[in-house]
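Heads up: the structure comes next, in structure tokens.
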2 protein chains.
Amino acid sequence: MEGQEKKVIQFKGKEYPCCASLTMGIIGGKWKTVILYHLMSGKLRYNELRKTMPTVTERTLSLQLKALEEDGLVIRKVYNKKPPLKVEYTLTDFGKTLIPIIESIAEWGDKVSE
Amino acid sequence: MEGQEKKVIQFKGKEYPCCASLTMGIIGGKWKTVILYHLMSGKLRYNELRKTMPTVTERTLSLQLKALEEDGLVIRKVYNKKPPLKVEYTLTDFGKTLIPIIESIAEWGDKVSE
DNA sequence: CCGCATCCCATTAGATACTG
DNA sequence: CAGTATCTAATGGGATGCGG
């Protein structure tokens, strides 16, 4: 009886109630934007990333990187099969489309912090 | 022995490890950007907001609005002291400084959703 | 050296009923 | 009308230890 349209939008099988919440679903959380922010300048190894984010735990960093990889924002490249491993993370072209947003977010946080 | 500088940045008494995470701490979460997105166009009453976000619960909407108010992004104005109440939510000038970011976020989500 | 696994806790968000 | 109260579920994230 009710003509209520939900008008959800979708991405990778997940549904969101609004275009803004889609983006936040992908870059939201405590660490994802920080990772993307550091990868903007170029590729980084796992441990290099850790050093730029001294307070993140290994597990969390792993999980967040995996999530970013699954959403197609970063690529994970393994260079050695034998230890010591060398793993590099890079933004994909798709991930790079977020750069303007990440920059605005970082800039705003920077201005506000004083 | 280690000259490790933490270099945290602060806002409203909370500490963040990066300028990007500060912003995300304020507009992050499942609903805050959606609320801000709808308030960009002008003030809205509580129930009007609910209608624009059919899947949010009353409790969550309340909590998120309160958090946004505490961070100084929105103002809550009460027009009647006796029921039926009339409460309007508006962006503060400070909240308006986020508009470009919210717009980019919404736009990106919109493009990606197809 | 890189990063996964297990366990656990804190925080966030939903369902529902009720109130000034 | 605009919330609060209570309870519960889902998620995020930390600590620690193991393995290639």
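Going through the structure tokens in order, the chains are called A, B, and so on, while each chain numbers its residues from 1 and the ligands are numbered from 1 in the order shown.
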
Return as a tab-separated table the residues of chain A lying at most 10 Å from chain D, together with the closest atom-to-atom pair for each and the distance in Å to one decimal, counting only C-alpha atoms (C1' of nucleotides), with rows in chain order and ascending residue number.
```
residue	atom	partner	partner_atom	distance
A:Gly29	CA	D:DG12	C1'	8.0
A:Lys30	CA	D:DG12	C1'	8.5
A:Val56	CA	D:DG14	C1'	9.1
A:Thr57	CA	D:DG14	C1'	7.2
A:Glu58	CA	D:DG14	C1'	9.8
A:Arg59	CA	D:DG13	C1'	8.7
A:Thr60	CA	D:DG13	C1'	6.6
A:Lys81	CA	D:DG20	C1'	9.2
A:Lys82	CA	D:DG20	C1'	7.7
A:Pro83	CA	D:DG20	C1'	7.2
A:Pro84	CA	D:DG20	C1'	9.5
A:Leu85	CA	D:DG20	C1'	9.4
```

Written file, previous selection with all heavy atoms, as a compact mmCIF listing (two decimals), in the first residue's frame:
```txt
# COMPACT_ATOMS: atom_id res chain seq x y z
N GLY A 29 36.11 4.16 9.20
CA GLY A 29 36.91 3.44 10.18
C GLY A 29 38.09 4.28 10.61
O GLY A 29 38.36 5.33 10.04
N LYS A 30 38.78 3.79 11.59
CA LYS A 30 39.79 4.60 12.25
C LYS A 30 41.06 4.73 11.42
O LYS A 30 41.81 5.70 11.55
CB LYS A 30 40.12 3.94 13.59
CG LYS A 30 40.98 4.75 14.52
CD LYS A 30 40.99 4.07 15.89
CE LYS A 30 41.98 4.70 16.83
NZ LYS A 30 42.01 4.01 18.14
N VAL A 56 49.10 1.93 15.45
CA VAL A 56 48.24 0.87 14.93
C VAL A 56 48.84 -0.49 15.29
O VAL A 56 50.06 -0.64 15.39
CB VAL A 56 48.07 0.99 13.40
CG1 VAL A 56 49.30 0.48 12.66
CG2 VAL A 56 46.84 0.22 12.92
N THR A 57 47.99 -1.47 15.52
CA THR A 57 48.51 -2.81 15.77
C THR A 57 48.68 -3.54 14.44
O THR A 57 48.05 -3.20 13.44
CB THR A 57 47.56 -3.63 16.66
OG1 THR A 57 46.31 -3.80 16.00
CG2 THR A 57 47.35 -2.94 17.98
N GLU A 58 49.50 -4.57 14.46
CA GLU A 58 49.76 -5.32 13.23
C GLU A 58 48.47 -5.93 12.68
O GLU A 58 48.22 -5.89 11.49
CB GLU A 58 50.75 -6.44 13.50
CG GLU A 58 52.10 -5.95 13.95
CD GLU A 58 53.06 -7.11 14.16
OE1 GLU A 58 52.62 -8.27 14.09
OE2 GLU A 58 54.26 -6.85 14.37
N ARG A 59 47.71 -6.51 13.59
CA ARG A 59 46.48 -7.16 13.17
C ARG A 59 45.55 -6.17 12.47
O ARG A 59 45.02 -6.45 11.39
CB ARG A 59 45.77 -7.75 14.38
CG ARG A 59 44.43 -8.36 14.07
CD ARG A 59 43.78 -8.82 15.36
NE ARG A 59 42.46 -9.35 15.14
CZ ARG A 59 41.37 -8.59 15.03
NH1 ARG A 59 41.47 -7.29 15.10
NH2 ARG A 59 40.20 -9.15 14.84
N THR A 60 45.37 -5.04 13.09
CA THR A 60 44.47 -4.05 12.52
C THR A 60 44.99 -3.57 11.16
O THR A 60 44.22 -3.47 10.20
CB THR A 60 44.31 -2.87 13.49
OG1 THR A 60 43.76 -3.35 14.70
CG2 THR A 60 43.41 -1.81 12.90
N LYS A 81 59.27 -14.97 -2.28
CA LYS A 81 58.45 -16.05 -1.75
C LYS A 81 59.06 -16.59 -0.46
O LYS A 81 58.38 -17.13 0.38
CB LYS A 81 58.31 -17.18 -2.78
CG LYS A 81 57.37 -16.85 -3.93
CD LYS A 81 56.05 -16.20 -3.46
CE LYS A 81 55.16 -17.15 -2.64
NZ LYS A 81 53.94 -16.44 -2.16
N LYS A 82 60.39 -16.45 -0.35
CA LYS A 82 61.06 -16.95 0.84
C LYS A 82 61.34 -15.79 1.80
O LYS A 82 61.67 -14.69 1.36
CB LYS A 82 62.40 -17.61 0.46
CG LYS A 82 62.23 -18.91 -0.33
CD LYS A 82 61.57 -19.97 0.54
CE LYS A 82 61.18 -21.19 -0.31
NZ LYS A 82 60.32 -22.13 0.44
N PRO A 83 61.28 -16.06 3.07
CA PRO A 83 61.64 -15.02 4.04
C PRO A 83 63.07 -14.57 3.86
O PRO A 83 63.92 -15.42 3.52
CB PRO A 83 61.47 -15.74 5.39
CG PRO A 83 60.54 -16.87 5.11
CD PRO A 83 60.79 -17.28 3.70
N PRO A 84 63.35 -13.30 4.08
CA PRO A 84 62.40 -12.27 4.49
C PRO A 84 61.49 -11.84 3.34
O PRO A 84 61.97 -11.58 2.23
CB PRO A 84 63.30 -11.11 4.91
CG PRO A 84 64.54 -11.29 4.10
CD PRO A 84 64.71 -12.77 3.95
N LEU A 85 60.22 -11.76 3.62
CA LEU A 85 59.28 -11.33 2.61
C LEU A 85 59.44 -9.85 2.32
O LEU A 85 59.96 -9.09 3.12
CB LEU A 85 57.85 -11.55 3.10
CG LEU A 85 57.40 -13.00 3.26
CD1 LEU A 85 55.92 -13.04 3.53
CD2 LEU A 85 57.73 -13.82 2.03
```

Residues of chain B within 6 Å of chain A, counting only C-alpha atoms, as a list in words:
Gln10, Phe11, Cys19, Ala20, Leu22, Thr23, Gly28, Val34, Ile105, Ala106, Gly109, Asp110 and Ser113 of chain B

Taking only residues of chain C that have an atom at most 12 Å from an atom of chain A, what is each one's shortest atom pair and its distance in Å to one decimal, using only C-alpha atoms (C1' of nucleotides), in chain and number order, as a Markdown table?
```
| residue | atom | partner | partner_atom | distance |
| --- | --- | --- | --- | --- |
| C:DC1 | C1' | A:Pro84 | CA | 4.6 |
| C:DC2 | C1' | A:Leu85 | CA | 5.8 |
| C:DG3 | C1' | A:Ser62 | CA | 7.1 |
| C:DC4 | C1' | A:Arg59 | CA | 8.1 |
| C:DA5 | C1' | A:Arg59 | CA | 9.7 |
| C:DT6 | C1' | A:Arg59 | CA | 11.5 |
| C:DT12 | C1' | A:Gly29 | CA | 11.4 |
```

Atom CA of Arg76 of chain A and atom CA of Thr90 of chain A, how far apart in Å?
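Between these atoms lies a distance of 6.8 Å.
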
Apply DSSP to the structure's backbone, then extract all residues of chain A labelled strand (DSSP E) and return them as a list of chain:residue names.
A:Ile9, A:Gln10, A:Phe11, A:Lys14, A:Glu15, A:Tyr16, A:Leu44, A:Arg45, A:Val74, A:Ile75, A:Arg76, A:Lys77, A:Val78, A:Val87, A:Glu88, A:Tyr89, A:Thr90, A:Leu91

State, in Å with one decimal place, the distance from atom CA of Lys43 of chain B to atom CA of Leu91 of chain B.
7.4 Å

Assign secondary structure with DSSP using the backbone only, and return the residues of chain B in helix (DSSP H, G or I) as a VMD selection string.
chain B and resid 19 to 27 32 to 39 46 to 52 58 to 70 93 to 96 99 to 112

Between atom CA of Lys96 of chain A and atom CA of Ala67 of chain A, what is the distance in Å, rounded to a tenth?
16.1 Å
